[in-house]
Amino acid sequence: MLPAILFLGVFMVYPLIDVLIYSVEENYNFASQVYSGYGLFNYSYVLHDTYFVQALKNTFIIVIITVPISTGLALLISLGLSSIGRIQSLFQTVYFLPYVTNTLAVGLVFMVLFKKTAYSDGLINLLINAFGGKSIDFIDGPYWAKIMVMCIYTIWVVIPFKILILTSALASVNEEYYKAARVDGTSPFRIFVRITLPMISPTIFYLIITGFIGAFKAYSDEVALFGTDLNSAGMNTIVGYVYDMLYGNSGGYPSYASAAALILFAIVFTITVINLLISRKTVTQ
Amino acid sequence: MKVVLRELTKIFPSRDKKDKTEVVAVDNFDIEIPDGKLVGLLGPSGCGKSTALNLICGLEKPTRGRIFFGDEDVTDLPPEQRGVGMVFQNYALFPHMTVEQNITFPLGNLKGDKKLSKEEMKAKALEAAGLVQIENLMSRKPKEMSGGQQQRVAIARALVKRPKILLLDEPLSNLDARLRLQTREEIRRIQRETGITTIFVTHDQEEAMSISDMIVVMKAGRIHQVGKPQEVYDKPVNLFVAKFLGTPAINVFKGRIDKGGLYIGDEKVLDVPDTALMNGEDVQTDGREVYAGIRPEGFILDENGPLTCRLDRVEVMGRDISVVSFHDAATNAGTVCVRSIISAENDIDENEDTVRFSLKPAKTHIFDAESECVLQFTGK
Amino acid sequence: MKNVRKIKTTITYILLSIWALIVLFPFYWMLLTSIKSYASYNGEYVPKFYAEHPTFENYVNAFTAVPLGRYFLNTLIFTLVTTGLMMVVIILSAYAFARIDFKGRAALFAFFLALMMIPNELVIITNFVTITNLNMRNTFLGLILPSVTSVFYIYLLKENFEMIPEELYKAAKVDGTSDIKYLIKVMIPISQPTIVTIIILKVIECWNAYVWPRLITDDENYFLVSNGIQSIRENGFGRENIPAMMAAVVAISVPLIILFLIFHKKIMAGVSRGGIKG
């Protein structure tokens, strides 16, 4: 009991207050721990920092692309899974595998697959060539190509969890509803839209909400693909920006890091509230 | 070991923040339970009987009053030092342990020179299991057994420490009807064999009556009557006890006493004396509003009988028949229909509109309408 | 009618198999690349889908050219100590919330739950400053301390503890069982499935930890595997040696994959029950 309170106090409550204070202390020097006064300069600095703006843009692109695609794809796969009887659990186990692997490590494999080197254009490029396309450097090349790899990898990483949750949600829909619908001659599409979807809508919304939150916090997948110097790769995310401000080559600015983290918190919070409001209107309880 | 409760009271503070009313779960208990008897603590649900059991066991601390086991005051002792065994309503078997582990669990808590070796524990467990005839189930887990078997394990676990007192909380409520009959005989047998003073709680009067040496009828935290089952049935001290015991239930009529007669409606059904004993005091009966409680077996079919009821139907029960009828005075007293049980040798035409009875005085109990206490007629 | 169904089922199987391929391919590729020699890998402009001359030299390389063994050991220590300490902390806290009736319990628990809403990123900033100021950078203590408690797991376990019938507690009390003995002998064994789930999830989390270790360690001697693999990516093996890199990736991934294959039912049930994103 006491140890837990102590730990939570030191490592959770105090930090929150502390971050708020950091974010308003101007010209805070980490080494000497002095600051010149209180104000909103840190926020204004962060918002005008081109690296931050880039990170903001990247993060939003990741969120907008990966959340709908991964959720939709997971739904399709789960529907497929629940419609087959044999080897369903084998597929399920295989699909879940990425969840337990070290994303940093597997990210390197994706890098190898997509990277264009002196020796080889990489497997993916060879595939593109086979269809008559031209090789692209996905890792050090144009912005859109890098974004594409990033999204593909992110989806690959987040989808196992969604498939698992959706499959168990589908399995928990009472079989009798389907029987009743079939007795009435309902078409499969209508069954999906009128029965399945409403029944699992709370789960879908849960996944969308957690998916948004998770995507806004994207960081280590990007590191895996593009290395730790995300700013120069133009691939940084908000969380990456926070950590870079804190530590590393450009680090030592906890005030900027705090301001950026609080901006992220505000964005995530707003989006979550909007999500909850929408879900309250549409989700069948 | 006899159990004595002196002015035992348990008050629970209110849980509701707005409503500060306290709950008096056990109100001034003052009874003596003789050594080696099987005692049924009987009452409707929520009357505080489980709390009483928890107080005796030591799981709850009383607000006031003392508890004695024999001559020893155990009020301040924790449960493990009281030497009690307890069987819970849902058996409280540890789901992750086998039967044997469950039964030896209490022994594992013994310390110092009381500590037992593994073999001794095993032997004791086997002995207790033998008593309830489950020796062949020792390696099973609780969920692999039927309700009746689980019940036996729970009893064995309670007995393994050779308790001075055995407490059972609603021991039969989770069993089906057939098992219930069987198990209650079983409890009776085990109690006889071990001679342990046993107190069990139940809301089922039939269960309590059938196996107890003594029953304690309670309601809303208070003891209403203590006695042998037949005594309590024959001489209920108040309307509640009369209504609570007996199936089919007693038939209650509104009535009044006038000039030495008990009137139900306009008919005089029984002669009664002018004076009676109520709560130990002599009272005048004349002009008193009363409830007349008539046991189903207290009716005599009589063409010229004073009590006329509207006949509804006759149910054949083999040896007996049950005559179901209506009477306004009964309806007014909350008795939906008057049910009388008479010998099947009587012949009743179901097409008749009315049926007439005379009453057996010993099966008719008269209660004061206001206090609901029985009027005892010494002369009767 | 029957044919239509058959075709549909076949298509479903094909599509599901394609997805399985997409999931498994990176694993296959890293295994394959890891047993190709440096020369043959770089010699294949069009990579072959099999290894002509399988070799283990990359594995030898991975463990000798960089201190991969050291990273493994660090991660193992980090994982075991963090998980062990956390279990003690959360079991005791969950027990307190579930069983001990102290003043302000409800309020304190509500406060606990509110903490779950605070994003980790905010917490990390201060923890970073705190640990740095305590001079605990590049120490195991600094690595471990902030991760030994989890509001979510306390919550999960507390719910589990509360489902244990009160009668069991009374039954144990009648026999004079102490609270701590009741916790160890009854509550923990009964909640075993949840506890195992939490342990597995925490082990996965520890094994894959990257952000905090990266912030708090810059001394190679304290690198965990995630940081190690990242440093291999940046600095390589003196030259860019993809097969050796893949060998390191395989070595890092294998322990968890084995753990997963053994416990896949428990892990998947646990994740879907907990409904959490690792």
# chains A, B, ... in the order shown; residues from 1 in each chain; ligands from 1
call {"tool": "residues_around", "arguments": {"residues": "Ala276 in chain B", "least_positions_apart": "2", "cutoff": "10 Å", "atoms": "only C-alpha atoms", "output": "VMD selection string"}}
result
chain B and resid 272 to 274 278 to 285 374 to 379
call {"tool": "select_by_dssp", "arguments": {"residues": "range 169-333 of chain B", "states": "strand (DSSP E or B)", "output": "PyMOL selection string"}}
result
chain B and resi 169+197-202+214-219+222-227+238+251-258+261-264+267-271+275-278+281-284+289-294+299-301+307-316+320-326
call {"tool": "residues_around", "arguments": {"residues": "Asn275 in chain A", "least_positions_apart": "2", "cutoff": "10 Å", "atoms": "only C-alpha atoms", "output": "number ranges by chain"}}
result
A: 205-206, 208-209, 212, 269-273, 277-280
call {"tool": "write_last_selection", "arguments": {"atoms": "N, CA and C atoms", "output": "PDB file, in the first residue's frame"}}
result
ATOM      1  N   PHE A 205     -15.590   1.479 -31.361  1.00  0.00           N
ATOM      2  CA  PHE A 205     -15.287   2.822 -30.884  1.00  0.00           C
ATOM      3  C   PHE A 205     -14.154   2.815 -29.865  1.00  0.00           C
ATOM      4  N   TYR A 206     -14.148   1.780 -29.054  1.00  0.00           N
ATOM      5  CA  TYR A 206     -13.044   1.664 -28.096  1.00  0.00           C
ATOM      6  C   TYR A 206     -11.720   1.604 -28.844  1.00  0.00           C
ATOM      7  N   ILE A 208     -11.111   2.682 -31.861  1.00  0.00           N
ATOM      8  CA  ILE A 208     -10.816   3.941 -32.533  1.00  0.00           C
ATOM      9  C   ILE A 208     -10.221   4.940 -31.534  1.00  0.00           C
ATOM     10  N   ILE A 209     -10.835   5.015 -30.361  1.00  0.00           N
ATOM     11  CA  ILE A 209     -10.346   5.960 -29.361  1.00  0.00           C
ATOM     12  C   ILE A 209      -8.913   5.612 -28.940  1.00  0.00           C
ATOM     13  N   PHE A 212      -6.500   6.289 -31.796  1.00  0.00           N
ATOM     14  CA  PHE A 212      -6.130   7.700 -31.913  1.00  0.00           C
ATOM     15  C   PHE A 212      -5.053   8.053 -30.895  1.00  0.00           C
ATOM     16  N   PHE A 269      -6.458  14.950 -25.658  1.00  0.00           N
ATOM     17  CA  PHE A 269      -7.617  15.099 -24.802  1.00  0.00           C
ATOM     18  C   PHE A 269      -8.829  15.571 -25.609  1.00  0.00           C
ATOM     19  N   THR A 270      -8.608  16.618 -26.431  1.00  0.00           N
ATOM     20  CA  THR A 270      -9.704  17.157 -27.235  1.00  0.00           C
ATOM     21  C   THR A 270     -10.267  16.088 -28.166  1.00  0.00           C
ATOM     22  N   ILE A 271      -9.368  15.399 -28.870  1.00  0.00           N
ATOM     23  CA  ILE A 271      -9.822  14.391 -29.825  1.00  0.00           C
ATOM     24  C   ILE A 271     -10.585  13.274 -29.107  1.00  0.00           C
ATOM     25  N   THR A 272     -10.089  12.879 -27.941  1.00  0.00           N
ATOM     26  CA  THR A 272     -10.764  11.811 -27.199  1.00  0.00           C
ATOM     27  C   THR A 272     -12.169  12.253 -26.783  1.00  0.00           C
ATOM     28  N   VAL A 273     -12.269  13.488 -26.323  1.00  0.00           N
ATOM     29  CA  VAL A 273     -13.591  13.989 -25.916  1.00  0.00           C
ATOM     30  C   VAL A 273     -14.537  13.998 -27.116  1.00  0.00           C
ATOM     31  N   LEU A 277     -17.976  11.905 -27.541  1.00  0.00           N
ATOM     32  CA  LEU A 277     -19.267  12.535 -27.827  1.00  0.00           C
ATOM     33  C   LEU A 277     -19.936  11.868 -29.023  1.00  0.00           C
ATOM     34  N   ILE A 278     -19.125  11.619 -30.064  1.00  0.00           N
ATOM     35  CA  ILE A 278     -19.685  10.960 -31.250  1.00  0.00           C
ATOM     36  C   ILE A 278     -20.177   9.565 -30.899  1.00  0.00           C
ATOM     37  N   SER A 279     -19.356   8.851 -30.134  1.00  0.00           N
ATOM     38  CA  SER A 279     -19.718   7.457 -29.841  1.00  0.00           C
ATOM     39  C   SER A 279     -20.992   7.398 -29.015  1.00  0.00           C
ATOM     40  N   ARG A 280     -21.181   8.360 -28.138  1.00  0.00           N
ATOM     41  CA  ARG A 280     -22.392   8.337 -27.318  1.00  0.00           C
ATOM     42  C   ARG A 280     -23.629   8.447 -28.204  1.00  0.00           C
TER      43      ARG A 280
END
call {"tool": "closest_atom_pairs", "arguments": {"of": "chain B", "to": "chain C", "cutoff": "9 Å", "atoms": "only C-alpha atoms", "output": "tab-separated table"}}
result
residue	atom	partner	partner_atom	distance
B:Cys57	CA	C:Val174	CA	7.2
B:Gly58	CA	C:Val174	CA	7.6
B:Leu59	CA	C:Lys170	CA	6.9
B:Pro78	CA	C:Gly176	CA	7.8
B:Pro79	CA	C:Val174	CA	5.0
B:Glu80	CA	C:Gly176	CA	4.4
B:Gln81	CA	C:Gly176	CA	7.7
B:Arg82	CA	C:Val174	CA	8.9
B:Gly83	CA	C:Asp175	CA	8.7
B:Val84	CA	C:Val174	CA	7.3
B:Gly85	CA	C:Val174	CA	7.1
B:Met86	CA	C:Val174	CA	7.1
B:Val87	CA	C:Ala171	CA	7.9
B:Phe88	CA	C:Glu167	CA	6.8
B:Gln89	CA	C:Glu167	CA	8.3
B:Asn90	CA	C:Glu167	CA	7.5
B:Tyr91	CA	C:Glu167	CA	7.9
B:Ala92	CA	C:Leu168	CA	4.8
B:Leu93	CA	C:Leu168	CA	6.9
B:Phe94	CA	C:Leu168	CA	6.9
B:Pro95	CA	C:Ile190	CA	7.1
B:His96	CA	C:Ile190	CA	6.1
B:Met97	CA	C:Val186	CA	8.9
B:Phe105	CA	C:Asp175	CA	8.2
B:Pro106	CA	C:Asp175	CA	5.1
B:Leu107	CA	C:Asp175	CA	8.1
B:Gly108	CA	C:Thr177	CA	8.9
B:Asn109	CA	C:Thr177	CA	6.1
B:Leu110	CA	C:Gly176	CA	8.3
B:Ala158	CA	C:Asp175	CA	8.9
B:Lys161	CA	C:Asp175	CA	8.8
call {"tool": "select_by_dssp", "arguments": {"residues": "range 280-354 of chain B", "states": "alpha helix (DSSP H)", "output": "ChimeraX atom specification"}}
result
/B:328-332
call {"tool": "write_last_selection", "arguments": {"atoms": "C-alpha atoms", "output": "compact mmCIF listing (two decimals), in the first residue's frame"}}
result
# COMPACT_ATOMS: atom_id res chain seq x y z
CA ASP B 328 -64.45 -12.42 5.09
CA ALA B 329 -62.99 -12.36 8.59
CA ALA B 330 -59.99 -14.28 7.33
CA THR B 331 -59.61 -12.09 4.26
CA ASN B 332 -59.66 -9.04 6.57
call {"tool": "atom_distance", "arguments": {"atom1": "CA of Phe52 in chain A", "atom2": "CA of Thr237 in chain A"}}
result
8.0 Å
call {"tool": "closest_atom_pairs", "arguments": {"of": "chain C", "to": "chain A", "cutoff": "7 Å", "atoms": "only C-alpha atoms", "output": "CSV"}}
result
residue,atom,partner,partner_atom,distance
C:Thr12,CA,A:Gly80,CA,5.9
C:Leu16,CA,A:Ile77,CA,6.9
C:Ala20,CA,A:Tyr95,CA,6.4
C:Val23,CA,A:Tyr95,CA,6.5
C:Pro26,CA,A:Val109,CA,6.1
C:Met30,CA,A:Val109,CA,6.2
C:Asn42,CA,A:Tyr119,CA,5.7
C:Tyr45,CA,A:Ser120,CA,4.6
C:Val46,CA,A:Ser120,CA,6.9
C:Val89,CA,A:Ala4,CA,6.0
C:Leu92,CA,A:Met1,CA,5.7
C:Ser93,CA,A:Met1,CA,4.3
C:Ala96,CA,A:Met1,CA,6.0
C:Glu121,CA,A:Ala261,CA,6.5
C:Leu122,CA,A:Ala261,CA,6.0
C:Val123,CA,A:Pro15,CA,5.2
C:Ile125,CA,A:Ser258,CA,6.9
C:Thr126,CA,A:Pro15,CA,4.9
C:Asn127,CA,A:Phe11,CA,6.2
C:Pro146,CA,A:Phe11,CA,6.1
C:Thr149,CA,A:Ala4,CA,6.5
C:Ile204,CA,A:Val100,CA,6.4
C:Asn208,CA,A:Asn102,CA,5.1
C:Leu215,CA,A:Tyr247,CA,6.4
C:Ser226,CA,A:Leu104,CA,6.1
C:Ile229,CA,A:Ala105,CA,6.5
C:Glu234,CA,A:Gly227,CA,6.9
C:Val249,CA,A:Ala105,CA,5.2
C:Ser253,CA,A:Thr101,CA,5.9
C:Leu256,CA,A:Val100,CA,6.4
C:Ile257,CA,A:Val100,CA,6.9
C:His264,CA,A:Thr93,CA,6.9
C:Ser272,CA,A:Ile165,CA,5.6
C:Lys277,CA,A:Phe161,CA,6.9
call {"tool": "write_last_selection", "arguments": {"atoms": "C-alpha atoms", "output": "CSV table (one decimal), in the first residue's frame"}}
result
chain,number,residue,atom,x,y,z
C,12,THR,CA,-11.7,-16.1,-47.5
C,16,LEU,CA,-6.5,-14.8,-44.7
C,20,ALA,CA,-0.6,-14.4,-42.6
C,23,VAL,CA,2.7,-11.0,-41.0
C,26,PRO,CA,9.4,-10.1,-42.1
C,30,MET,CA,15.2,-11.7,-41.0
C,42,ASN,CA,25.8,-8.2,-50.9
C,45,TYR,CA,21.2,-7.8,-56.4
C,46,VAL,CA,18.0,-9.8,-56.6
C,89,VAL,CA,4.0,-3.6,-5.1
C,92,LEU,CA,0.0,-5.4,-1.8
C,93,SER,CA,-1.7,-2.3,-3.1
C,96,ALA,CA,-5.1,-3.0,0.5
C,121,GLU,CA,5.0,11.4,-21.9
C,122,LEU,CA,4.3,14.0,-19.3
C,123,VAL,CA,5.5,11.7,-16.5
C,125,ILE,CA,9.9,14.4,-18.4
C,126,THR,CA,9.9,14.8,-14.7
C,127,ASN,CA,11.1,11.3,-14.0
C,146,PRO,CA,9.9,4.3,-12.4
C,149,THR,CA,4.2,0.3,-10.2
C,204,ILE,CA,6.9,-8.3,-22.8
C,208,ASN,CA,10.7,-4.2,-25.5
C,215,LEU,CA,16.7,8.6,-22.0
C,226,SER,CA,16.2,-2.1,-27.8
C,229,ILE,CA,19.8,-2.8,-31.6
C,234,GLU,CA,23.5,3.6,-36.2
C,249,VAL,CA,17.4,-9.0,-34.5
C,253,SER,CA,13.2,-11.5,-31.0
C,256,LEU,CA,9.7,-13.4,-26.6
C,257,ILE,CA,8.5,-15.5,-29.6
C,264,HIS,CA,-0.1,-17.9,-26.6
C,272,SER,CA,-8.1,-9.3,-24.8
C,277,LYS,CA,-2.2,-1.8,-25.9
call {"tool": "decode", "arguments": {"residues": "range 44-111 of chain A", "atoms": "C-alpha atoms", "output": "compact mmCIF listing (two decimals), in the first residue's frame"}}
result
# COMPACT_ATOMS: atom_id res chain seq x y z
CA SER A 44 5.31 30.15 -28.38
CA TYR A 45 8.84 28.94 -29.06
CA VAL A 46 7.67 25.38 -29.59
CA LEU A 47 4.80 26.39 -31.84
CA HIS A 48 7.16 28.42 -34.00
CA ASP A 49 9.83 25.77 -34.15
CA THR A 50 9.92 24.33 -37.69
CA TYR A 51 10.89 20.92 -36.27
CA PHE A 52 7.80 20.95 -34.09
CA VAL A 53 5.56 21.99 -36.96
CA GLN A 54 7.05 19.18 -39.04
CA ALA A 55 6.50 16.73 -36.16
CA LEU A 56 2.92 17.93 -35.76
CA LYS A 57 2.28 17.42 -39.47
CA ASN A 58 3.84 13.95 -39.47
CA THR A 59 1.88 12.89 -36.41
CA PHE A 60 -1.40 14.05 -37.89
CA ILE A 61 -0.69 12.22 -41.13
CA ILE A 62 0.08 9.03 -39.20
CA VAL A 63 -3.13 9.37 -37.21
CA ILE A 64 -5.35 10.15 -40.18
CA ILE A 65 -3.98 7.36 -42.35
CA THR A 66 -3.26 4.53 -39.93
CA VAL A 67 -6.24 4.65 -37.58
CA PRO A 68 -9.00 4.18 -40.19
CA ILE A 69 -7.00 1.74 -42.32
CA SER A 70 -5.84 -0.44 -39.44
CA THR A 71 -9.29 -0.51 -37.84
CA GLY A 72 -11.06 -1.24 -41.13
CA LEU A 73 -8.55 -3.88 -42.16
CA ALA A 74 -8.70 -5.47 -38.71
CA LEU A 75 -12.49 -5.61 -39.00
CA LEU A 76 -12.31 -7.31 -42.39
CA ILE A 77 -9.74 -9.82 -41.16
CA SER A 78 -11.74 -10.54 -38.02
CA LEU A 79 -14.89 -11.10 -40.09
CA GLY A 80 -12.94 -13.49 -42.28
CA LEU A 81 -11.55 -15.23 -39.23
CA SER A 82 -14.92 -15.68 -37.60
CA SER A 83 -16.43 -17.08 -40.79
CA ILE A 84 -14.01 -19.98 -40.98
CA GLY A 85 -14.03 -22.91 -38.64
CA ARG A 86 -10.86 -24.83 -39.24
CA ILE A 87 -7.43 -23.48 -38.34
CA GLN A 88 -9.02 -20.29 -37.09
CA SER A 89 -6.94 -20.37 -33.94
CA LEU A 90 -3.77 -20.99 -35.92
CA PHE A 91 -4.40 -17.88 -38.01
CA GLN A 92 -5.25 -15.97 -34.87
CA THR A 93 -1.98 -16.93 -33.23
CA VAL A 94 0.02 -16.00 -36.33
CA TYR A 95 -1.75 -12.66 -36.63
CA PHE A 96 -0.96 -11.83 -33.04
CA LEU A 97 2.75 -12.46 -33.37
CA PRO A 98 3.82 -8.85 -34.11
CA TYR A 99 2.32 -7.79 -30.78
CA VAL A 100 4.98 -9.61 -28.79
CA THR A 101 7.97 -8.68 -30.91
CA ASN A 102 10.38 -5.89 -30.28
CA THR A 103 9.25 -3.12 -32.63
CA LEU A 104 12.71 -1.64 -32.78
CA ALA A 105 14.13 -4.93 -33.98
CA VAL A 106 11.47 -5.79 -36.54
CA GLY A 107 11.57 -2.22 -37.79
CA LEU A 108 15.06 -2.95 -39.02
CA VAL A 109 13.67 -5.77 -41.16
CA PHE A 110 11.20 -3.37 -42.73
CA MET A 111 14.03 -0.96 -43.33
